[in-house]
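Shown here: run_33.cif, mmCIF, C-alpha atoms and all ligand atoms.
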data_start
#
loop_
_atom_site.group_PDB
_atom_site.id
_atom_site.type_symbol
_atom_site.label_atom_id
_atom_site.label_comp_id
_atom_site.auth_asym_id
_atom_site.auth_seq_id
_atom_site.Cartn_x
_atom_site.Cartn_y
_atom_site.Cartn_z
ATOM 1 C CA MET A 176 0.000 0.000 0.000
ATOM 2 C CA ALA A 177 1.150 3.542 -0.806
ATOM 3 C CA THR A 178 2.533 5.915 1.814
ATOM 4 C CA VAL A 179 -0.050 8.621 2.507
ATOM 5 C CA ILE A 180 1.415 12.104 2.020
ATOM 6 C CA ASP A 181 -0.081 14.124 4.863
ATOM 7 C CA GLY A 182 -0.533 17.606 3.410
ATOM 8 C CA LYS A 183 -2.553 18.746 6.405
ATOM 9 C CA ALA A 184 0.343 18.077 8.794
ATOM 10 C CA PHE A 185 2.932 19.474 6.372
ATOM 11 C CA ALA A 186 0.891 22.659 5.912
ATOM 12 C CA ALA A 187 0.500 23.064 9.687
ATOM 13 C CA GLY A 188 4.285 22.786 10.076
ATOM 14 C CA LEU A 189 4.828 25.313 7.287
ATOM 15 C CA ARG A 190 2.354 27.774 8.879
ATOM 16 C CA GLU A 191 4.235 27.469 12.166
ATOM 17 C CA LYS A 192 7.536 28.307 10.431
ATOM 18 C CA ILE A 193 5.841 31.227 8.688
ATOM 19 C CA GLY A 194 4.541 32.486 12.050
ATOM 20 C CA LYS A 195 8.083 32.432 13.455
ATOM 21 C CA ALA A 196 9.429 34.207 10.368
ATOM 22 C CA VAL A 197 6.734 36.876 10.705
ATOM 23 C CA SER A 198 7.597 37.636 14.333
ATOM 24 C CA GLU A 199 11.311 37.730 13.449
ATOM 25 C CA ILE A 200 10.708 40.211 10.604
ATOM 26 C CA GLN A 201 8.538 42.338 12.852
ATOM 27 C CA SER A 202 10.992 42.491 15.747
ATOM 28 C CA ASN A 203 14.127 42.886 13.609
ATOM 29 C CA HIS A 204 12.816 45.159 10.864
ATOM 30 C CA GLY A 205 9.543 46.628 12.145
ATOM 31 C CA VAL A 206 7.621 45.137 9.230
ATOM 32 C CA LYS A 207 4.252 43.395 9.745
ATOM 33 C CA PRO A 208 3.251 41.642 6.494
ATOM 34 C CA GLY A 209 -0.337 42.377 5.418
ATOM 35 C CA LEU A 210 -2.664 40.454 3.091
ATOM 36 C CA THR A 211 -5.815 41.950 1.591
ATOM 37 C CA VAL A 212 -8.473 39.705 0.077
ATOM 38 C CA VAL A 213 -11.147 41.092 -2.224
ATOM 39 C CA LEU A 214 -14.380 39.144 -2.665
ATOM 40 C CA VAL A 215 -17.029 40.229 -5.154
ATOM 41 C CA GLY A 216 -20.464 38.630 -4.729
ATOM 42 C CA GLU A 217 -21.731 35.885 -2.469
ATOM 43 C CA ASP A 218 -20.512 32.602 -3.936
ATOM 44 C CA PRO A 219 -20.725 30.244 -0.909
ATOM 45 C CA ALA A 220 -17.500 28.309 -1.695
ATOM 46 C CA SER A 221 -15.588 31.586 -2.150
ATOM 47 C CA GLN A 222 -16.920 32.872 1.181
ATOM 48 C CA VAL A 223 -15.587 29.750 2.922
ATOM 49 C CA TYR A 224 -12.141 30.146 1.285
ATOM 50 C CA VAL A 225 -11.958 33.842 2.136
ATOM 51 C CA ARG A 226 -12.833 33.177 5.789
ATOM 52 C CA SER A 227 -10.117 30.516 6.032
ATOM 53 C CA LYS A 228 -7.549 32.789 4.418
ATOM 54 C CA GLY A 229 -8.329 35.599 6.859
ATOM 55 C CA LYS A 230 -8.210 33.292 9.892
ATOM 56 C CA GLN A 231 -4.899 31.671 8.933
ATOM 57 C CA THR A 232 -3.354 35.052 8.067
ATOM 58 C CA VAL A 233 -4.129 36.345 11.565
ATOM 59 C CA GLU A 234 -2.930 33.095 13.179
ATOM 60 C CA ALA A 235 0.434 33.565 11.447
ATOM 61 C CA GLY A 236 0.711 37.005 13.054
ATOM 62 C CA MET A 237 0.041 38.986 9.888
ATOM 63 C CA GLU A 238 -2.357 41.819 9.149
ATOM 64 C CA SER A 239 -5.518 40.635 7.387
ATOM 65 C CA THR A 240 -8.044 42.856 5.641
ATOM 66 C CA GLU A 241 -11.067 41.910 3.597
ATOM 67 C CA HIS A 242 -13.088 43.909 1.102
ATOM 68 C CA LYS A 243 -16.476 42.329 0.432
ATOM 69 C CA LEU A 244 -18.209 43.961 -2.505
ATOM 70 C CA PRO A 245 -21.713 43.362 -3.857
ATOM 71 C CA ALA A 246 -22.135 41.141 -6.940
ATOM 72 C CA ASP A 247 -23.172 44.150 -9.052
ATOM 73 C CA THR A 248 -19.948 46.088 -8.363
ATOM 74 C CA SER A 249 -18.749 47.666 -11.607
ATOM 75 C CA GLU A 250 -15.415 46.743 -13.139
ATOM 76 C CA ALA A 251 -14.360 50.397 -12.823
ATOM 77 C CA ASP A 252 -15.068 50.417 -9.070
ATOM 78 C CA LEU A 253 -13.120 47.183 -8.576
ATOM 79 C CA LEU A 254 -10.177 48.574 -10.578
ATOM 80 C CA ALA A 255 -10.295 51.762 -8.475
ATOM 81 C CA LEU A 256 -10.093 49.679 -5.268
ATOM 82 C CA ILE A 257 -7.119 47.723 -6.634
ATOM 83 C CA ASP A 258 -5.398 50.996 -7.504
ATOM 84 C CA ARG A 259 -5.863 52.200 -3.910
ATOM 85 C CA LEU A 260 -4.504 48.908 -2.521
ATOM 86 C CA ASN A 261 -1.531 49.023 -4.924
ATOM 87 C CA ASN A 262 -0.639 52.425 -3.443
ATOM 88 C CA ASP A 263 -1.216 51.463 0.204
ATOM 89 C CA ASP A 264 2.145 50.592 1.838
ATOM 90 C CA SER A 265 0.465 48.595 4.618
ATOM 91 C CA VAL A 266 -0.807 46.132 1.987
ATOM 92 C CA ASN A 267 1.901 43.696 0.880
ATOM 93 C CA GLY A 268 -0.277 41.101 -0.831
ATOM 94 C CA ILE A 269 -3.527 41.462 -2.803
ATOM 95 C CA LEU A 270 -5.743 38.513 -3.680
ATOM 96 C CA VAL A 271 -8.926 38.921 -5.697
ATOM 97 C CA GLN A 272 -11.014 35.804 -5.128
ATOM 98 C CA LEU A 273 -12.015 34.064 -8.370
ATOM 99 C CA PRO A 274 -14.359 33.495 -10.080
ATOM 100 C CA LEU A 275 -15.550 37.069 -10.607
ATOM 101 C CA PRO A 276 -19.085 37.882 -11.820
ATOM 102 C CA ASP A 277 -19.503 37.588 -15.608
ATOM 103 C CA HIS A 278 -19.653 41.343 -16.252
ATOM 104 C CA ILE A 279 -16.093 41.796 -14.949
ATOM 105 C CA ASP A 280 -13.051 41.000 -17.131
ATOM 106 C CA GLU A 281 -10.989 38.679 -14.937
ATOM 107 C CA SER A 282 -7.698 39.106 -16.760
ATOM 108 C CA LYS A 283 -8.029 42.906 -16.714
ATOM 109 C CA VAL A 284 -8.478 42.780 -12.941
ATOM 110 C CA ILE A 285 -5.613 40.334 -12.318
ATOM 111 C CA ASN A 286 -3.248 42.380 -14.457
ATOM 112 C CA ALA A 287 -4.210 45.580 -12.629
ATOM 113 C CA ILE A 288 -2.719 44.174 -9.388
ATOM 114 C CA SER A 289 0.821 45.385 -8.695
ATOM 115 C CA VAL A 290 3.246 42.624 -9.828
ATOM 116 C CA ALA A 291 5.047 42.861 -6.469
ATOM 117 C CA LYS A 292 1.781 42.350 -4.527
ATOM 118 C CA ASP A 293 0.332 39.588 -6.755
ATOM 119 C CA VAL A 294 0.458 36.798 -4.137
ATOM 120 C CA ASP A 295 -1.636 34.507 -6.387
ATOM 121 C CA GLY A 296 1.102 34.660 -9.025
ATOM 122 C CA PHE A 297 -1.533 35.104 -11.739
ATOM 123 C CA HIS A 298 -0.319 38.446 -13.172
ATOM 124 C CA ILE A 299 0.963 38.004 -16.713
ATOM 125 C CA GLU A 300 4.374 39.353 -15.682
ATOM 126 C CA ASN A 301 4.726 36.801 -12.862
ATOM 127 C CA VAL A 302 3.609 34.050 -15.274
ATOM 128 C CA GLY A 303 6.295 35.159 -17.748
ATOM 129 C CA LYS A 304 8.974 35.365 -15.070
ATOM 130 C CA LEU A 305 8.136 31.866 -13.832
ATOM 131 C CA SER A 306 8.388 30.499 -17.362
ATOM 132 C CA ILE A 307 11.872 31.942 -17.909
ATOM 133 C CA GLY A 308 13.064 31.104 -14.389
ATOM 134 C CA GLU A 309 13.289 34.666 -13.041
ATOM 135 C CA GLU A 310 12.420 35.618 -9.456
ATOM 136 C CA SER A 311 8.624 35.932 -9.225
ATOM 137 C CA LEU A 312 5.625 35.188 -7.043
ATOM 138 C CA VAL A 313 4.614 31.570 -7.762
ATOM 139 C CA PRO A 314 0.972 30.337 -7.829
ATOM 140 C CA CYS A 315 0.091 28.763 -4.478
ATOM 141 C CA THR A 316 -1.348 25.343 -5.335
ATOM 142 C CA PRO A 317 1.507 24.451 -7.734
ATOM 143 C CA ALA A 318 4.066 25.644 -5.169
ATOM 144 C CA GLY A 319 2.347 23.426 -2.566
ATOM 145 C CA CYS A 320 2.517 20.383 -4.883
ATOM 146 C CA VAL A 321 6.254 20.835 -5.423
ATOM 147 C CA LEU A 322 6.949 21.339 -1.693
ATOM 148 C CA LEU A 323 5.174 18.033 -0.942
ATOM 149 C CA LEU A 324 7.051 16.256 -3.739
ATOM 150 C CA LYS A 325 10.462 17.514 -2.608
ATOM 151 C CA ASP A 326 9.699 16.657 1.002
ATOM 152 C CA HIS A 327 8.779 13.109 0.007
ATOM 153 C CA LEU A 328 11.268 12.400 -2.791
ATOM 154 C CA GLY A 329 14.147 14.819 -2.193
ATOM 155 C CA ASP A 330 15.861 15.773 -5.465
ATOM 156 C CA LEU A 331 13.430 15.472 -8.390
ATOM 157 C CA THR A 332 16.124 15.561 -11.091
ATOM 158 C CA GLY A 333 15.509 13.233 -14.011
ATOM 159 C CA LYS A 334 12.072 12.049 -12.880
ATOM 160 C CA ASN A 335 9.350 11.615 -15.479
ATOM 161 C CA ALA A 336 6.538 13.938 -14.424
ATOM 162 C CA VAL A 337 3.144 13.682 -16.090
ATOM 163 C CA ILE A 338 0.634 16.424 -15.363
ATOM 164 C CA VAL A 339 -2.957 15.746 -16.306
ATOM 165 C CA GLY A 340 -4.575 19.145 -16.894
ATOM 166 C CA ARG A 341 -3.367 22.335 -18.553
ATOM 167 C CA SER A 342 -5.083 25.095 -16.576
ATOM 168 C CA ASN A 343 -3.416 28.451 -15.983
ATOM 169 C CA ILE A 344 -3.921 28.030 -12.220
ATOM 170 C CA VAL A 345 -2.376 24.555 -11.786
ATOM 171 C CA GLY A 346 -1.363 22.503 -14.847
ATOM 172 C CA LYS A 347 0.805 25.067 -16.641
ATOM 173 C CA PRO A 348 2.567 26.560 -13.592
ATOM 174 C CA VAL A 349 3.229 23.143 -11.993
ATOM 175 C CA SER A 350 4.794 22.029 -15.279
ATOM 176 C CA MET A 351 7.103 25.081 -15.205
ATOM 177 C CA LEU A 352 8.103 24.415 -11.593
ATOM 178 C CA LEU A 353 8.839 20.738 -12.275
ATOM 179 C CA LEU A 354 10.908 21.683 -15.338
ATOM 180 C CA GLN A 355 12.903 23.947 -13.035
ATOM 181 C CA GLU A 356 13.419 20.933 -10.748
ATOM 182 C CA ASN A 357 14.954 19.106 -13.754
ATOM 183 C CA CYS A 358 12.045 16.724 -14.332
ATOM 184 C CA THR A 359 11.127 15.501 -17.806
ATOM 185 C CA VAL A 360 7.668 16.998 -18.058
ATOM 186 C CA THR A 361 4.652 15.858 -20.073
ATOM 187 C CA VAL A 362 1.462 17.905 -19.921
ATOM 188 C CA ALA A 363 -1.509 15.696 -20.798
ATOM 189 C CA HIS A 364 -5.102 16.878 -21.230
ATOM 190 C CA SER A 365 -8.545 15.959 -22.515
ATOM 191 C CA ARG A 366 -7.285 15.581 -26.116
ATOM 192 C CA THR A 367 -4.256 13.434 -25.223
ATOM 193 C CA GLN A 368 -4.189 10.105 -27.069
ATOM 194 C CA ASP A 369 -4.086 7.028 -24.826
ATOM 195 C CA LEU A 370 -4.013 8.977 -21.571
ATOM 196 C CA PRO A 371 -3.684 5.801 -19.416
ATOM 197 C CA ALA A 372 -0.495 4.809 -21.288
ATOM 198 C CA VAL A 373 0.948 8.327 -20.905
ATOM 199 C CA CYS A 374 0.201 8.276 -17.156
ATOM 200 C CA ARG A 375 1.847 4.854 -16.769
ATOM 201 C CA GLU A 376 5.182 6.447 -17.772
ATOM 202 C CA ALA A 377 5.077 8.819 -14.787
ATOM 203 C CA ASP A 378 7.376 8.639 -11.772
ATOM 204 C CA ILE A 379 5.437 11.697 -10.607
ATOM 205 C CA LEU A 380 1.770 11.907 -11.590
ATOM 206 C CA VAL A 381 -0.073 15.170 -10.922
ATOM 207 C CA ALA A 382 -3.841 15.096 -11.533
ATOM 208 C CA ALA A 383 -5.431 18.530 -11.937
ATOM 209 C CA VAL A 384 -8.360 18.195 -14.330
ATOM 210 C CA GLY A 385 -11.445 18.507 -12.162
ATOM 211 C CA VAL A 386 -12.914 15.156 -13.246
ATOM 212 C CA PRO A 387 -13.868 13.018 -10.228
ATOM 213 C CA GLU A 388 -11.745 9.848 -9.926
ATOM 214 C CA LEU A 389 -10.585 10.003 -13.574
ATOM 215 C CA VAL A 390 -7.146 8.477 -12.919
ATOM 216 C CA LYS A 391 -7.514 4.753 -12.233
ATOM 217 C CA GLY A 392 -5.199 2.411 -10.358
ATOM 218 C CA ASP A 393 -4.012 0.723 -13.564
ATOM 219 C CA TRP A 394 -2.927 4.129 -14.977
ATOM 220 C CA VAL A 395 -0.338 4.375 -12.194
ATOM 221 C CA LYS A 396 3.214 3.038 -12.568
ATOM 222 C CA PRO A 397 4.079 0.813 -9.570
ATOM 223 C CA GLY A 398 5.893 2.897 -6.964
ATOM 224 C CA ALA A 399 4.990 6.284 -8.527
ATOM 225 C CA THR A 400 4.244 9.367 -6.443
ATOM 226 C CA VAL A 401 0.693 10.594 -7.075
ATOM 227 C CA ILE A 402 -0.364 14.169 -6.330
ATOM 228 C CA ASP A 403 -4.127 14.672 -6.508
ATOM 229 C CA VAL A 404 -5.097 18.340 -6.907
ATOM 230 C CA GLY A 405 -8.798 17.644 -7.558
ATOM 231 C CA ILE A 406 -11.520 18.620 -5.107
ATOM 232 C CA ASN A 407 -14.848 17.330 -6.406
ATOM 233 C CA ARG A 408 -18.072 16.998 -4.473
ATOM 234 C CA ILE A 409 -19.964 13.907 -5.620
ATOM 235 C CA GLU A 410 -23.248 12.382 -4.573
ATOM 236 C CA THR A 411 -23.090 8.947 -2.957
ATOM 237 C CA ALA A 412 -25.594 6.109 -3.416
ATOM 238 C CA GLU A 413 -27.156 7.112 -0.070
ATOM 239 C CA GLY A 414 -27.883 10.606 -1.393
ATOM 240 C CA LYS A 415 -25.159 12.250 0.698
ATOM 241 C CA THR A 416 -22.206 14.184 -0.713
ATOM 242 C CA ARG A 417 -18.546 13.292 -0.440
ATOM 243 C CA LEU A 418 -15.290 14.954 -1.495
ATOM 244 C CA VAL A 419 -13.167 13.033 -3.973
ATOM 245 C CA GLY A 420 -10.100 13.917 -5.979
ATOM 246 C CA ASP A 421 -9.249 13.420 -9.656
ATOM 247 C CA VAL A 422 -7.687 10.055 -8.746
ATOM 248 C CA ASP A 423 -9.458 6.817 -7.817
ATOM 249 C CA TYR A 424 -7.798 6.759 -4.403
ATOM 250 C CA ALA A 425 -8.664 3.160 -3.474
ATOM 251 C CA GLY A 426 -7.291 1.782 -6.753
ATOM 252 C CA ALA A 427 -4.265 4.064 -7.043
ATOM 253 C CA SER A 428 -3.108 3.579 -3.450
ATOM 254 C CA GLU A 429 -2.648 -0.154 -4.132
ATOM 255 C CA VAL A 430 -0.114 0.603 -6.878
ATOM 256 C CA ALA A 431 1.514 3.957 -6.056
ATOM 257 C CA GLY A 432 4.537 4.383 -3.807
ATOM 258 C CA ALA A 433 2.964 7.474 -2.251
ATOM 259 C CA ILE A 434 -0.259 9.422 -2.718
ATOM 260 C CA THR A 435 -1.959 12.553 -1.420
ATOM 261 C CA PRO A 436 -5.464 12.014 0.006
ATOM 262 C CA VAL A 437 -8.507 14.220 -0.668
ATOM 263 C CA PRO A 438 -9.224 15.973 1.592
ATOM 264 C CA GLY A 439 -6.017 16.533 3.576
ATOM 265 C CA GLY A 440 -3.456 16.405 0.768
ATOM 266 C CA VAL A 441 -2.770 19.333 -1.547
ATOM 267 C CA GLY A 442 -5.744 21.420 -0.331
ATOM 268 C CA PRO A 443 -4.256 22.729 2.948
ATOM 269 C CA MET A 444 -1.009 23.597 1.158
ATOM 270 C CA THR A 445 -2.647 26.323 -0.947
ATOM 271 C CA ILE A 446 -3.355 28.765 1.891
ATOM 272 C CA ALA A 447 -0.022 27.956 3.591
ATOM 273 C CA CYS A 448 1.743 28.927 0.338
ATOM 274 C CA LEU A 449 -0.380 32.082 0.103
ATOM 275 C CA LEU A 450 0.878 33.120 3.558
ATOM 276 C CA ARG A 451 4.410 32.286 2.432
ATOM 277 C CA ASN A 452 4.005 34.447 -0.693
ATOM 278 C CA THR A 453 2.740 37.309 1.477
ATOM 279 C CA VAL A 454 5.854 37.137 3.665
ATOM 280 C CA ILE A 455 8.101 36.946 0.579
ATOM 281 C CA ALA A 456 6.297 39.916 -1.021
ATOM 282 C CA ALA A 457 6.586 41.994 2.186
ATOM 283 C CA CYS A 458 10.306 41.223 2.514
ATOM 284 C CA ARG A 459 11.015 42.168 -1.108
ATOM 285 C CA GLN A 460 8.996 45.388 -0.813
ATOM 286 C CA HIS A 461 10.979 46.431 2.266
ATOM 287 C CA GLY A 462 14.405 45.198 1.110
ATOM 288 C CA VAL A 463 14.464 42.690 3.980
ATOM 289 C CA PRO A 464 16.027 39.223 3.427
ATOM 290 C CA VAL A 465 13.429 36.443 3.142
ATOM 291 C CA PRO A 466 13.884 34.228 6.247
ATOM 292 C CA ASP A 467 15.376 30.764 5.637
ATOM 293 C CA GLY A 468 13.227 27.692 6.014
ATOM 294 C CA ILE A 469 9.879 28.967 4.759
HETATM 295 N N1 LIG A 501 -10.538 30.579 -6.505
HETATM 296 C C1 LIG A 501 -10.239 29.261 -6.409
HETATM 297 N N2 LIG A 501 -8.905 29.091 -6.240
HETATM 298 C C2 LIG A 501 -8.368 30.322 -6.218
HETATM 299 C C3 LIG A 501 -7.039 30.811 -6.048
HETATM 300 O O1 LIG A 501 -6.070 30.050 -5.899
HETATM 301 N N3 LIG A 501 -6.894 32.159 -6.065
HETATM 302 C C4 LIG A 501 -7.934 32.996 -6.247
HETATM 303 N N4 LIG A 501 -7.689 34.296 -6.265
HETATM 304 N N5 LIG A 501 -9.184 32.602 -6.396
HETATM 305 C C5 LIG A 501 -9.390 31.264 -6.383
#
Spit out the file's structure as structure tokens when you get a sec.
Amino acid sequence: MATVIDGKAFAAGLREKIGKAVSEIQSNHGVKPGLTVVLVGEDPASQVYVRSKGKQTVEAGMESTEHKLPADTSEADLLALIDRLNNDDSVNGILVQLPLPDHIDESKVINAISVAKDVDGFHIENVGKLSIGEESLVPCTPAGCVLLLKDHLGDLTGKNAVIVGRSNIVGKPVSMLLLQENCTVTVAHSRTQDLPAVCREADILVAAVGVPELVKGDWVKPGATVIDVGINRIETAEGKTRLVGDVDYAGASEVAGAITPVPGGVGPMTIACLLRNTVIAACRQHGVPVPDGI
């Protein structure tokens, strides 16, 4: 049976290190990192995420502010708020919760955020920097995947990594990060021919497609490390709902060397990496060295 990669415990440990780094920066340099989250509308899942982000930001000793705007907020008003936050020195990180209502141009909003404060790493300039290996702010979920992989496997050099999914939020950035770690990277997607055979070549298999339990046990190479980024709510035979990933966990865990569960795998890493990005952004903005070990 596969080793279970405990993302919940790893994320808790990372948050503790971040908390220590925050108090060190504050006492040595008088800087208290601050994260501002902007939520437009009342999407229930987004409200849950935003609450968690705020709570964990405060627990790490950082300043947390939230701007909750009505669903009918105009694009111009949202852009004006971002402009104010860009110019506010107490704000080191800005996160606009996605998805935005249909009448607002998401890419216009993301690219209006100051590159230095873009703790999601979604700004086109951060995306470009990541792809050419320059210092940038890295998207949180992909960063979390790579931290778990390095913790479990050590050096990733030469590993065959197959990523199923090509989204801008996970698939593409995780492929860039794994290239930087000297993996041989294949990005597979819905049009890939013989997807099971492609997956069977993977030493590292990252599933980020949003299709419940797509990746079956016999798609997994024996001993491979499986990272499941999916969070899908499905209905059970008893009419209840249950969270499952993009991997058939029962089948894959009989073949894999290690696997992340859902929930409790990649999920908790995302907010931990957001806090980490906020500390990194604050340090860079103030010319303070980023503490080791976060
Ligand atoms: N909505 C779902 N995931 C994310 C994320 O990582 N960042 C933002 N801003 N919104 C999201």
With 3 Å added on each side, what axis-aligned box encloses every listed atom of ligand LIG 501 (chain A)? Give the centre and edge lengths in Å to one decimal, as AutoDock Vina command-line options.
--center_x -8.3 --center_y 31.7 --center_z -6.2 --size_x 10.5 --size_y 11.2 --size_z 6.6
Quiz item: For this file, the PyMOL selection byres (((chain A and resi 400-412) around 6) and not hetatm) selects which residues, as a ChimeraX atom specification?
Solution: /A:379-383,385,387,399,413-421,432-435,441
Quiz item: Given the choices A:Cys374, A:Ile269, A:Val430, A:Leu324, which gets closest to Asn286 (chain A) if the distance is worked out from all atoms listed in the file?
Solution: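 Looking only at the distances to Asn286 (chain A), the closest residue turns out to be A:Ile269.
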Quiz item: Can you list what the PyMOL selection byres (((not hetatm)) within 7 of (chain A and resi 501)) grabs from this structure, as number ranges by chain?
Solution: A: 221, 270-274, 295, 315-316, 344
Practice problem: Mind giving me the straight-line distance from CA of Val373 (chain A) to CA of Val321 (chain A) in Å, one decimal? | Solution: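 Going from CA of Val373 (chain A) over to CA of Val321 (chain A) covers 20.6 Å.
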Quiz item: Ser265 (chain A): which residues within 12 Å, counting all atoms listed in the file, same-chain residues fewer than 6 positions away excluded, as an NGL selection string?
Solution: :A and (205-211 or 237-240 or 259 or 292 or 453 or 456-457 or 460-461)
Quiz item: Which distance in Å separates CA of Ile180 (chain A) and CA of Ser365 (chain A), to one decimal?
Solution: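 Atom-to-atom, CA of Ile180 (chain A) to CA of Ser365 (chain A), that is 26.8 Å.
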Exercise. Could you list the residues chosen by the PyMOL selection byres (((chain A and resi 235) around 10) and not hetatm) in this structure as JSON, numbers by chain?
Key: {"A": [190, 191, 192, 193, 194, 195, 196, 197, 198, 208, 230, 231, 232, 233, 234, 236, 237, 238, 447, 450, 451]}
Self-check item: Among listed residues A:Asp252, A:Asp181, A:Glu199, A:Asp378, nearest Pro464 (chain A) (using all atoms listed in the file)
Solution: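 Residue with the minimum atom-to-atom distance to Pro464 (chain A): A:Glu199.
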Quiz prompt | Residues near Val290 (chain A), cut-off 9 Å, all atoms listed in the file, skip fewer than 3 positions along chain, as a list in words | solution = Asn286, Ala287, Asp293, Val294, Gly296, His298, Ile299, Glu300, Asn301, Ser311 and Leu312 of chain A
Quiz item: For the atom pair CA of Pro371 (chain A) and CA of Leu305 (chain A), what is the interatomic distance in Å to one decimal place?
Solution: 29.2 Å
Self-check item: Proximity to Asn343 (chain A) - best of A:Ala372, A:Val384, A:Leu328, A:Val437, all atoms listed in the file
Solution: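 Between A:Ala372, A:Val384, A:Leu328, A:Val437, the residue approaching Asn343 (chain A) most closely is A:Val384.
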For Ala427 (chain A), please output as a PDB file with C-alpha atoms, in the frame of the given file all residues within 7 Å (counting all atoms listed in the file; exclusion window: fewer than 2 positions along the same chain).
ATOM      1  CA  LYS A 391      -7.514   4.753 -12.233  1.00  0.00           C
ATOM      2  CA  GLY A 392      -5.199   2.411 -10.358  1.00  0.00           C
ATOM      3  CA  VAL A 395      -0.338   4.375 -12.194  1.00  0.00           C
ATOM      4  CA  ASP A 423      -9.458   6.817  -7.817  1.00  0.00           C
ATOM      5  CA  TYR A 424      -7.798   6.759  -4.403  1.00  0.00           C
ATOM      6  CA  ALA A 425      -8.664   3.160  -3.474  1.00  0.00           C
ATOM      7  CA  GLU A 429      -2.648  -0.154  -4.132  1.00  0.00           C
ATOM      8  CA  VAL A 430      -0.114   0.603  -6.878  1.00  0.00           C
ATOM      9  CA  ALA A 431       1.514   3.957  -6.056  1.00  0.00           C
TER      10      ALA A 431
END
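By chain and then residue number, the residues within 12 Å of Leu370 (chain A) are Val337, Ile338, Val339, Gly340, Thr361, Val362, Ala363, His364, Glu376, Ala377, Leu380, Ala382, Leu389, Val390, Lys391, Asp393, Trp394 and Val395 of chain A, counting all atoms listed in the file and disregarding those fewer than 6 positions away in sequence.
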Self-check item: For Gly426 (chain A), the nearest of the candidates A:Pro317, A:Glu388, A:Gly268, A:Lys325, counting only C-alpha atoms
Solution: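 Closest to Gly426 (chain A), using only C-alpha atoms: A:Glu388.
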Quiz item: From the set A:Gly462, A:Gly216, A:Gly346, A:Gly303, which residue has the shortest atom-to-atom contact distance to Ile279 (chain A), counting only C-alpha atoms?
Solution: A:Gly216
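Minimum atom-to-atom distance to Cys320 (chain A), evaluated using all atoms listed in the file, belongs to A:Ser350 out of A:Ser350, A:Ser289, A:Thr248, A:Asn267.
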